[in-house]
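A short worksheet on the structure shown next.
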Amino acid sequence: MKKLIVITGASSGIGATIAKTFADLGHPTLLLARRLEPMLELKLVNSMAMSVDVTDLKAVETAIRKAEQVYGPTDLLVNCAGVMLLGHSDTQSFSEWEHMLDVNIKGVLTGTHVVLHDMITAQRGTIINISSIAGRKTFDQHSVYCGSKFAVHAITEAMRKEVSASNVRFITIAPGVVETPLLSHTTDATIISDYTQWKQTIESGLDPQIVADCVRFAYQQPQSVCIREIVLAKTKQAD
Ligand code: NDP
């Protein structure tokens, strides 16, 4: 049997596409997100879906251990769950800032905390964190989102270096705009409208399958090869 792949944020967009991609390759998968229904609708074989808030360490641990009892140790954790709440620094609510930091940073750490020790003991395993081009450079109205994604870049690279001698891989995937519902949670209508108009200038975002293919490519390299980072965007996306 192929090895277990755990994907957070698997109820939508990039995470759902990654889940389908690995299920099609014959891997058992554990799908995690708060909404169970869209994960069940994917109808993947050899798959478990559990409603979990990624900021809840206990819930993430319980879910992963359940899947591991059936499918064996986690070989790949893809931390994809995330929220993008764009806003002006002087008017955006503190709760939106807090929510982004909780999901985008703490939500990457929970699953990592659950699987890393076993990966180090086994001297194999891969953790892929979905960051963003907004984790490499800043954009207007993206201040705290950028902060959360800069943190993902920093944590991934620092952990990669620290555990490299254990043969465990940490990989950052940093996409530009991808065609998903990500923007829909932003509450400022003007920002949504400006962003949507700008997206038309690059003829829409990337197909999520392109990002899933990057995850697959990085994972399928021999365990001795670590593609540390992949940065990708529409050719017409200048920034
Ligand atoms: P979607 O909105 O389509 O998906 C976001 C996913 O995150 C959903 O499955 C959602 O599930 C999950 N999620 C959000 N909050 C939580 C939570 N507290 N606990 C568990 N799951 C949660 O957006 P994308 O697919 O675009 O986003 C995926 C990742 O890609 C994010 O990290 C995003 O920052 C990153 N990214 C996206 C880009 C884009 O342009 N779309 C560009 C660059 C990076 P549910 O609501 O069911 O909990």
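Chain lettering (A, B, ...) mirrors the order of the structure tokens, residue numbering begins at 1 for each chain separately, and ligand numbering begins at 1 in order of display.
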Using only C-alpha atoms and all ligand atoms, find each residue with an atom at most 8 Å away from ligand 1 and format the answer as a PDB file with N, CA, C and O atoms, in the first residue's frame.
ATOM      1  N   THR A   8      -4.435  19.465   4.912  1.00  0.00           N
ATOM      2  CA  THR A   8      -5.349  20.393   5.588  1.00  0.00           C
ATOM      3  C   THR A   8      -5.909  21.365   4.544  1.00  0.00           C
ATOM      4  O   THR A   8      -5.291  21.611   3.509  1.00  0.00           O
ATOM      5  N   GLY A   9      -7.094  21.891   4.841  1.00  0.00           N
ATOM      6  CA  GLY A   9      -7.735  22.793   3.871  1.00  0.00           C
ATOM      7  C   GLY A   9      -8.242  22.031   2.662  1.00  0.00           C
ATOM      8  O   GLY A   9      -8.291  22.553   1.545  1.00  0.00           O
ATOM      9  N   ALA A  10      -8.654  20.775   2.897  1.00  0.00           N
ATOM     10  CA  ALA A  10      -9.016  19.890   1.774  1.00  0.00           C
ATOM     11  C   ALA A  10     -10.471  20.036   1.342  1.00  0.00           C
ATOM     12  O   ALA A  10     -10.925  19.298   0.472  1.00  0.00           O
ATOM     13  N   SER A  11     -11.206  20.985   1.928  1.00  0.00           N
ATOM     14  CA  SER A  11     -12.622  21.126   1.557  1.00  0.00           C
ATOM     15  C   SER A  11     -12.824  22.063   0.376  1.00  0.00           C
ATOM     16  O   SER A  11     -13.956  22.250  -0.075  1.00  0.00           O
ATOM     17  N   SER A  12     -11.740  22.664  -0.134  1.00  0.00           N
ATOM     18  CA  SER A  12     -11.925  23.700  -1.161  1.00  0.00           C
ATOM     19  C   SER A  12     -10.611  23.942  -1.907  1.00  0.00           C
ATOM     20  O   SER A  12      -9.532  23.595  -1.419  1.00  0.00           O
ATOM     21  N   GLY A  13     -10.738  24.536  -3.069  1.00  0.00           N
ATOM     22  CA  GLY A  13      -9.596  25.124  -3.784  1.00  0.00           C
ATOM     23  C   GLY A  13      -8.373  24.231  -3.926  1.00  0.00           C
ATOM     24  O   GLY A  13      -8.458  23.077  -4.392  1.00  0.00           O
ATOM     25  N   ILE A  14      -7.233  24.754  -3.527  1.00  0.00           N
ATOM     26  CA  ILE A  14      -5.947  24.071  -3.740  1.00  0.00           C
ATOM     27  C   ILE A  14      -5.895  22.756  -2.949  1.00  0.00           C
ATOM     28  O   ILE A  14      -5.475  21.719  -3.465  1.00  0.00           O
ATOM     29  N   GLY A  15      -6.344  22.793  -1.693  1.00  0.00           N
ATOM     30  CA  GLY A  15      -6.274  21.595  -0.842  1.00  0.00           C
ATOM     31  C   GLY A  15      -7.108  20.457  -1.393  1.00  0.00           C
ATOM     32  O   GLY A  15      -6.672  19.293  -1.402  1.00  0.00           O
ATOM     33  N   ALA A  16      -8.310  20.762  -1.863  1.00  0.00           N
ATOM     34  CA  ALA A  16      -9.172  19.718  -2.435  1.00  0.00           C
ATOM     35  C   ALA A  16      -8.521  19.132  -3.684  1.00  0.00           C
ATOM     36  O   ALA A  16      -8.578  17.918  -3.929  1.00  0.00           O
ATOM     37  N   LEU A  32      -8.563  17.152   6.016  1.00  0.00           N
ATOM     38  CA  LEU A  32      -8.943  17.923   7.203  1.00  0.00           C
ATOM     39  C   LEU A  32      -9.391  19.329   6.810  1.00  0.00           C
ATOM     40  O   LEU A  32      -8.715  20.013   6.036  1.00  0.00           O
ATOM     41  N   ALA A  33     -10.511  19.747   7.363  1.00  0.00           N
ATOM     42  CA  ALA A  33     -11.019  21.122   7.238  1.00  0.00           C
ATOM     43  C   ALA A  33     -12.236  21.190   8.156  1.00  0.00           C
ATOM     44  O   ALA A  33     -12.653  20.158   8.708  1.00  0.00           O
ATOM     45  N   ARG A  34     -12.831  22.351   8.318  1.00  0.00           N
ATOM     46  CA  ARG A  34     -14.013  22.432   9.197  1.00  0.00           C
ATOM     47  C   ARG A  34     -15.253  21.866   8.509  1.00  0.00           C
ATOM     48  O   ARG A  34     -16.057  21.203   9.128  1.00  0.00           O
ATOM     49  N   ARG A  35     -15.423  22.122   7.211  1.00  0.00           N
ATOM     50  CA  ARG A  35     -16.635  21.646   6.512  1.00  0.00           C
ATOM     51  C   ARG A  35     -16.425  20.223   6.005  1.00  0.00           C
ATOM     52  O   ARG A  35     -15.588  19.989   5.139  1.00  0.00           O
ATOM     53  N   LEU A  36     -17.226  19.304   6.569  1.00  0.00           N
ATOM     54  CA  LEU A  36     -17.060  17.892   6.209  1.00  0.00           C
ATOM     55  C   LEU A  36     -17.660  17.577   4.829  1.00  0.00           C
ATOM     56  O   LEU A  36     -17.071  16.846   4.028  1.00  0.00           O
ATOM     57  N   PRO A  38     -18.126  19.050   1.808  1.00  0.00           N
ATOM     58  CA  PRO A  38     -17.393  19.125   0.521  1.00  0.00           C
ATOM     59  C   PRO A  38     -16.263  18.098   0.408  1.00  0.00           C
ATOM     60  O   PRO A  38     -15.936  17.661  -0.697  1.00  0.00           O
ATOM     61  N   SER A  51     -13.843  16.655  10.224  1.00  0.00           N
ATOM     62  CA  SER A  51     -14.069  18.073  10.481  1.00  0.00           C
ATOM     63  C   SER A  51     -13.184  18.508  11.646  1.00  0.00           C
ATOM     64  O   SER A  51     -13.371  18.070  12.782  1.00  0.00           O
ATOM     65  N   VAL A  52     -12.208  19.345  11.338  1.00  0.00           N
ATOM     66  CA  VAL A  52     -11.215  19.757  12.331  1.00  0.00           C
ATOM     67  C   VAL A  52     -10.866  21.221  12.102  1.00  0.00           C
ATOM     68  O   VAL A  52     -10.744  21.661  10.959  1.00  0.00           O
ATOM     69  N   ASP A  53     -10.740  21.955  13.194  1.00  0.00           N
ATOM     70  CA  ASP A  53     -10.187  23.308  13.095  1.00  0.00           C
ATOM     71  C   ASP A  53      -8.671  23.173  13.260  1.00  0.00           C
ATOM     72  O   ASP A  53      -8.208  22.650  14.287  1.00  0.00           O
ATOM     73  N   VAL A  54      -7.917  23.631  12.272  1.00  0.00           N
ATOM     74  CA  VAL A  54      -6.464  23.388  12.305  1.00  0.00           C
ATOM     75  C   VAL A  54      -5.754  24.121  13.436  1.00  0.00           C
ATOM     76  O   VAL A  54      -4.591  23.857  13.708  1.00  0.00           O
ATOM     77  N   THR A  55      -6.441  25.029  14.094  1.00  0.00           N
ATOM     78  CA  THR A  55      -5.795  25.712  15.227  1.00  0.00           C
ATOM     79  C   THR A  55      -5.905  24.890  16.512  1.00  0.00           C
ATOM     80  O   THR A  55      -5.331  25.251  17.526  1.00  0.00           O
ATOM     81  N   ASN A  79       0.287  21.281   4.576  1.00  0.00           N
ATOM     82  CA  ASN A  79      -0.421  22.315   5.332  1.00  0.00           C
ATOM     83  C   ASN A  79      -0.914  23.368   4.352  1.00  0.00           C
ATOM     84  O   ASN A  79      -0.157  24.233   3.910  1.00  0.00           O
ATOM     85  N   CYS A  80      -2.211  23.243   4.005  1.00  0.00           N
ATOM     86  CA  CYS A  80      -2.758  24.123   2.974  1.00  0.00           C
ATOM     87  C   CYS A  80      -3.847  25.051   3.522  1.00  0.00           C
ATOM     88  O   CYS A  80      -4.141  26.082   2.924  1.00  0.00           O
ATOM     89  N   ALA A  81      -4.461  24.693   4.662  1.00  0.00           N
ATOM     90  CA  ALA A  81      -5.557  25.521   5.199  1.00  0.00           C
ATOM     91  C   ALA A  81      -5.063  26.954   5.391  1.00  0.00           C
ATOM     92  O   ALA A  81      -3.956  27.188   5.875  1.00  0.00           O
ATOM     93  N   GLY A  82      -5.891  27.909   4.987  1.00  0.00           N
ATOM     94  CA  GLY A  82      -5.489  29.310   5.152  1.00  0.00           C
ATOM     95  C   GLY A  82      -6.647  30.241   4.870  1.00  0.00           C
ATOM     96  O   GLY A  82      -7.648  29.848   4.249  1.00  0.00           O
ATOM     97  N   VAL A  83      -6.534  31.453   5.371  1.00  0.00           N
ATOM     98  CA  VAL A  83      -7.537  32.483   5.086  1.00  0.00           C
ATOM     99  C   VAL A  83      -6.812  33.763   4.663  1.00  0.00           C
ATOM    100  O   VAL A  83      -5.721  34.061   5.142  1.00  0.00           O
ATOM    101  N   MET A  84      -7.438  34.497   3.742  1.00  0.00           N
ATOM    102  CA  MET A  84      -6.876  35.779   3.298  1.00  0.00           C
ATOM    103  C   MET A  84      -7.953  36.847   3.510  1.00  0.00           C
ATOM    104  O   MET A  84      -8.922  36.915   2.746  1.00  0.00           O
ATOM    105  N   ASP A 102      -3.893  33.091  13.484  1.00  0.00           N
ATOM    106  CA  ASP A 102      -4.202  31.784  14.086  1.00  0.00           C
ATOM    107  C   ASP A 102      -4.219  30.683  13.029  1.00  0.00           C
ATOM    108  O   ASP A 102      -3.577  29.653  13.180  1.00  0.00           O
ATOM    109  N   VAL A 103      -4.982  30.899  11.952  1.00  0.00           N
ATOM    110  CA  VAL A 103      -5.140  29.822  10.956  1.00  0.00           C
ATOM    111  C   VAL A 103      -3.852  29.664  10.138  1.00  0.00           C
ATOM    112  O   VAL A 103      -3.355  28.548   9.951  1.00  0.00           O
ATOM    113  N   ASN A 104      -3.306  30.786   9.670  1.00  0.00           N
ATOM    114  CA  ASN A 104      -2.199  30.688   8.708  1.00  0.00           C
ATOM    115  C   ASN A 104      -0.868  30.301   9.360  1.00  0.00           C
ATOM    116  O   ASN A 104      -0.007  29.724   8.696  1.00  0.00           O
ATOM    117  N   GLY A 107      -2.072  27.172  12.475  1.00  0.00           N
ATOM    118  CA  GLY A 107      -2.662  26.044  11.742  1.00  0.00           C
ATOM    119  C   GLY A 107      -1.629  25.227  10.977  1.00  0.00           C
ATOM    120  O   GLY A 107      -1.881  24.076  10.617  1.00  0.00           O
ATOM    121  N   ILE A 130       1.974  25.401   2.220  1.00  0.00           N
ATOM    122  CA  ILE A 130       1.530  26.290   1.146  1.00  0.00           C
ATOM    123  C   ILE A 130       1.603  27.716   1.676  1.00  0.00           C
ATOM    124  O   ILE A 130       0.785  28.146   2.492  1.00  0.00           O
ATOM    125  N   SER A 131       2.621  28.432   1.229  1.00  0.00           N
ATOM    126  CA  SER A 131       2.764  29.847   1.588  1.00  0.00           C
ATOM    127  C   SER A 131       2.169  30.663   0.440  1.00  0.00           C
ATOM    128  O   SER A 131       1.067  30.373  -0.042  1.00  0.00           O
ATOM    129  N   SER A 132       2.888  31.649  -0.047  1.00  0.00           N
ATOM    130  CA  SER A 132       2.353  32.536  -1.096  1.00  0.00           C
ATOM    131  C   SER A 132       3.490  33.435  -1.570  1.00  0.00           C
ATOM    132  O   SER A 132       4.477  33.633  -0.852  1.00  0.00           O
ATOM    133  N   ILE A 133       3.299  34.035  -2.737  1.00  0.00           N
ATOM    134  CA  ILE A 133       4.226  35.100  -3.136  1.00  0.00           C
ATOM    135  C   ILE A 133       4.143  36.228  -2.103  1.00  0.00           C
ATOM    136  O   ILE A 133       5.119  36.930  -1.847  1.00  0.00           O
ATOM    137  N   ALA A 134       2.983  36.324  -1.429  1.00  0.00           N
ATOM    138  CA  ALA A 134       2.827  37.306  -0.348  1.00  0.00           C
ATOM    139  C   ALA A 134       3.632  36.918   0.899  1.00  0.00           C
ATOM    140  O   ALA A 134       3.601  37.634   1.900  1.00  0.00           O
ATOM    141  N   LYS A 149       2.235  34.895   6.020  1.00  0.00           N
ATOM    142  CA  LYS A 149       2.915  34.064   5.010  1.00  0.00           C
ATOM    143  C   LYS A 149       4.446  34.208   5.084  1.00  0.00           C
ATOM    144  O   LYS A 149       5.166  33.244   4.824  1.00  0.00           O
ATOM    145  N   ALA A 174       5.022  28.496  -3.031  1.00  0.00           N
ATOM    146  CA  ALA A 174       4.594  29.899  -2.930  1.00  0.00           C
ATOM    147  C   ALA A 174       3.924  30.340  -4.231  1.00  0.00           C
ATOM    148  O   ALA A 174       4.576  30.852  -5.148  1.00  0.00           O
ATOM    149  N   PRO A 175       2.610  30.167  -4.326  1.00  0.00           N
ATOM    150  CA  PRO A 175       1.928  30.579  -5.559  1.00  0.00           C
ATOM    151  C   PRO A 175       1.561  32.062  -5.555  1.00  0.00           C
ATOM    152  O   PRO A 175       1.361  32.663  -4.506  1.00  0.00           O
ATOM    153  N   GLY A 176       1.441  32.609  -6.772  1.00  0.00           N
ATOM    154  CA  GLY A 176       0.750  33.882  -6.957  1.00  0.00           C
ATOM    155  C   GLY A 176      -0.747  33.590  -6.944  1.00  0.00           C
ATOM    156  O   GLY A 176      -1.179  32.580  -6.382  1.00  0.00           O
ATOM    157  N   VAL A 177      -1.516  34.427  -7.618  1.00  0.00           N
ATOM    158  CA  VAL A 177      -2.975  34.272  -7.557  1.00  0.00           C
ATOM    159  C   VAL A 177      -3.414  32.936  -8.165  1.00  0.00           C
ATOM    160  O   VAL A 177      -2.968  32.556  -9.252  1.00  0.00           O
ATOM    161  N   VAL A 178      -4.287  32.242  -7.432  1.00  0.00           N
ATOM    162  CA  VAL A 178      -4.847  30.969  -7.889  1.00  0.00           C
ATOM    163  C   VAL A 178      -6.372  31.125  -7.906  1.00  0.00           C
ATOM    164  O   VAL A 178      -6.941  31.820  -7.061  1.00  0.00           O
ATOM    165  N   GLU A 179      -7.006  30.489  -8.851  1.00  0.00           N
ATOM    166  CA  GLU A 179      -8.463  30.633  -9.018  1.00  0.00           C
ATOM    167  C   GLU A 179      -9.197  29.748  -7.993  1.00  0.00           C
ATOM    168  O   GLU A 179      -9.445  28.565  -8.224  1.00  0.00           O
ATOM    169  N   THR A 180      -9.520  30.327  -6.840  1.00  0.00           N
ATOM    170  CA  THR A 180     -10.223  29.609  -5.755  1.00  0.00           C
ATOM    171  C   THR A 180     -11.126  30.607  -5.032  1.00  0.00           C
ATOM    172  O   THR A 180     -11.034  31.811  -5.286  1.00  0.00           O
ATOM    173  N   PRO A 181     -11.935  30.143  -4.079  1.00  0.00           N
ATOM    174  CA  PRO A 181     -12.782  31.092  -3.315  1.00  0.00           C
ATOM    175  C   PRO A 181     -12.040  31.885  -2.239  1.00  0.00           C
ATOM    176  O   PRO A 181     -12.684  32.514  -1.393  1.00  0.00           O
ATOM    177  N   LEU A 182     -10.713  31.868  -2.228  1.00  0.00           N
ATOM    178  CA  LEU A 182      -9.949  32.465  -1.112  1.00  0.00           C
ATOM    179  C   LEU A 182     -10.348  33.905  -0.781  1.00  0.00           C
ATOM    180  O   LEU A 182     -10.424  34.289   0.385  1.00  0.00           O
ATOM    181  N   LEU A 183     -10.587  34.719  -1.824  1.00  0.00           N
ATOM    182  CA  LEU A 183     -10.867  36.146  -1.608  1.00  0.00           C
ATOM    183  C   LEU A 183     -12.246  36.375  -0.972  1.00  0.00           C
ATOM    184  O   LEU A 183     -12.501  37.432  -0.402  1.00  0.00           O
ATOM    185  N   SER A 184     -13.107  35.356  -1.064  1.00  0.00           N
ATOM    186  CA  SER A 184     -14.521  35.569  -0.707  1.00  0.00           C
ATOM    187  C   SER A 184     -14.732  35.897   0.766  1.00  0.00           C
ATOM    188  O   SER A 184     -15.789  36.386   1.148  1.00  0.00           O
ATOM    189  N   HIS A 185     -13.736  35.632   1.613  1.00  0.00           N
ATOM    190  CA  HIS A 185     -13.898  35.902   3.051  1.00  0.00           C
ATOM    191  C   HIS A 185     -13.493  37.319   3.421  1.00  0.00           C
ATOM    192  O   HIS A 185     -13.739  37.780   4.533  1.00  0.00           O
ATOM    193  N   GLY A 205      -6.558  33.740 -12.260  1.00  0.00           N
ATOM    194  CA  GLY A 205      -5.447  33.141 -11.513  1.00  0.00           C
ATOM    195  C   GLY A 205      -5.057  31.785 -12.074  1.00  0.00           C
ATOM    196  O   GLY A 205      -5.669  31.278 -13.018  1.00  0.00           O
ATOM    197  N   LEU A 206      -4.024  31.203 -11.466  1.00  0.00           N
ATOM    198  CA  LEU A 206      -3.587  29.852 -11.864  1.00  0.00           C
ATOM    199  C   LEU A 206      -4.689  28.839 -11.614  1.00  0.00           C
ATOM    200  O   LEU A 206      -5.459  28.965 -10.654  1.00  0.00           O
ATOM    201  N   PRO A 208      -5.813  25.626  -9.882  1.00  0.00           N
ATOM    202  CA  PRO A 208      -5.273  24.945  -8.687  1.00  0.00           C
ATOM    203  C   PRO A 208      -4.540  23.641  -9.016  1.00  0.00           C
ATOM    204  O   PRO A 208      -3.654  23.218  -8.265  1.00  0.00           O
TER     205      PRO A 208
END
Name the residues in contact with segment 159-166 of chain A at a cut-off of 6 Å, using only C-alpha atoms, excluding same-chain residues fewer than 4 positions from it; report them as a PyMOL selection string.
chain A and resi 120+123+155+170
Those same residues - C-alpha atoms - I'd like them written as a compact mmCIF listing (two decimals), in the first residue's frame.
# COMPACT_ATOMS: atom_id res chain seq x y z
CA ILE A 120 12.58 12.12 12.51
CA GLN A 123 14.37 9.09 9.09
CA ILE A 155 9.30 28.58 9.90
CA PHE A 170 10.42 20.70 4.54
Using DSSP on the backbone, list every residue of segment 5-121 of chain A that comes out as strand (DSSP E), and give them as a list in words.
Ile5, Val6, Ile7, Thr8, Thr29, Leu30, Leu31, Leu32, Ala33, Ser47, Met48, Ala49, Met50, Ser51, Thr74, Asp75, Leu76, Leu77, Val78 and Asn79 of chain A
A:Gln69, A:Thr74, A:Gln92, A:Thr138 ranked by distance to Thr187 of chain A, top pick (using only C-alpha atoms)
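Smallest separation from Thr187 of chain A among the options: A:Gln92.
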Can you pull out every residue within 8 Å of Leu77 of chain A, counting only C-alpha atoms, but drop anything in the same chain fewer than 6 positions away, and send it as a PyMOL selection string?
chain A and resi 5-7+111-112+115+126-128
Would you write out those residues with N, CA, C and O atoms, as a CSV table (one decimal), in the first residue's frame?
chain,number,residue,atom,x,y,z
A,5,ILE,N,-1.0,10.3,3.1
A,5,ILE,CA,-0.9,11.8,2.9
A,5,ILE,C,-2.0,12.5,3.6
A,5,ILE,O,-3.2,12.2,3.4
A,6,VAL,N,-1.6,13.5,4.4
A,6,VAL,CA,-2.5,14.3,5.2
A,6,VAL,C,-2.6,15.7,4.6
A,6,VAL,O,-1.5,16.3,4.3
A,7,ILE,N,-3.8,16.1,4.3
A,7,ILE,CA,-3.9,17.5,3.6
A,7,ILE,C,-4.9,18.3,4.5
A,7,ILE,O,-6.0,17.9,4.7
A,111,GLY,N,-0.3,20.4,12.9
A,111,GLY,CA,-0.1,19.1,12.2
A,111,GLY,C,1.4,18.8,12.2
A,111,GLY,O,1.8,17.6,12.4
A,112,THR,N,2.2,19.8,12.0
A,112,THR,CA,3.7,19.6,12.1
A,112,THR,C,4.1,19.0,13.4
A,112,THR,O,4.9,18.1,13.5
A,115,VAL,N,3.2,15.2,13.6
A,115,VAL,CA,3.9,14.2,12.8
A,115,VAL,C,5.5,14.3,12.8
A,115,VAL,O,6.1,13.3,12.5
A,126,THR,N,7.9,14.1,4.7
A,126,THR,CA,7.9,15.3,4.0
A,126,THR,C,6.8,16.2,4.6
A,126,THR,O,5.6,15.8,4.7
A,127,ILE,N,7.1,17.5,4.8
A,127,ILE,CA,6.1,18.5,5.2
A,127,ILE,C,6.1,19.6,4.2
A,127,ILE,O,7.2,20.2,3.9
A,128,ILE,N,5.0,19.8,3.5
A,128,ILE,CA,4.9,20.8,2.5
A,128,ILE,C,4.0,21.9,3.0
A,128,ILE,O,2.8,21.6,3.3
Just list as a ChimeraX atom specification whatever in segment 41-159 of chain A DSSP marks as helix (DSSP H, G or I).
/A:41,57-71,94-122,133-135,143-159
Tell me, in Å to one decimal, how far atom CA of Ile171 of chain A is from atom CA of Lys234 of chain A.
20.8 Å
Atom-to-atom span, atom CA of His27 of chain A and atom CA of Lys58 of chain A, Å
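Straight-line distance from atom CA of His27 of chain A to atom CA of Lys58 of chain A works out to 24.9 Å.
Every protein, DNA or RNA residue with an atom at most 10 Å from Leu40 of chain A, where only C-alpha atoms count and chain neighbours fewer than 5 positions away do not, is listed here: Ser11, Leu31, Arg35, Ser47, Met48, Ala49 and Met50 of chain A.
Distance-wise, atom CA of Lys199 of chain A and atom CA of Thr186 of chain A end up 15.5 Å apart.
With distances restricted to only C-alpha atoms, A:Leu44 is the closest residue to Ala23 of chain A from A:Lys3, A:Leu44, A:Asp213, A:His117.
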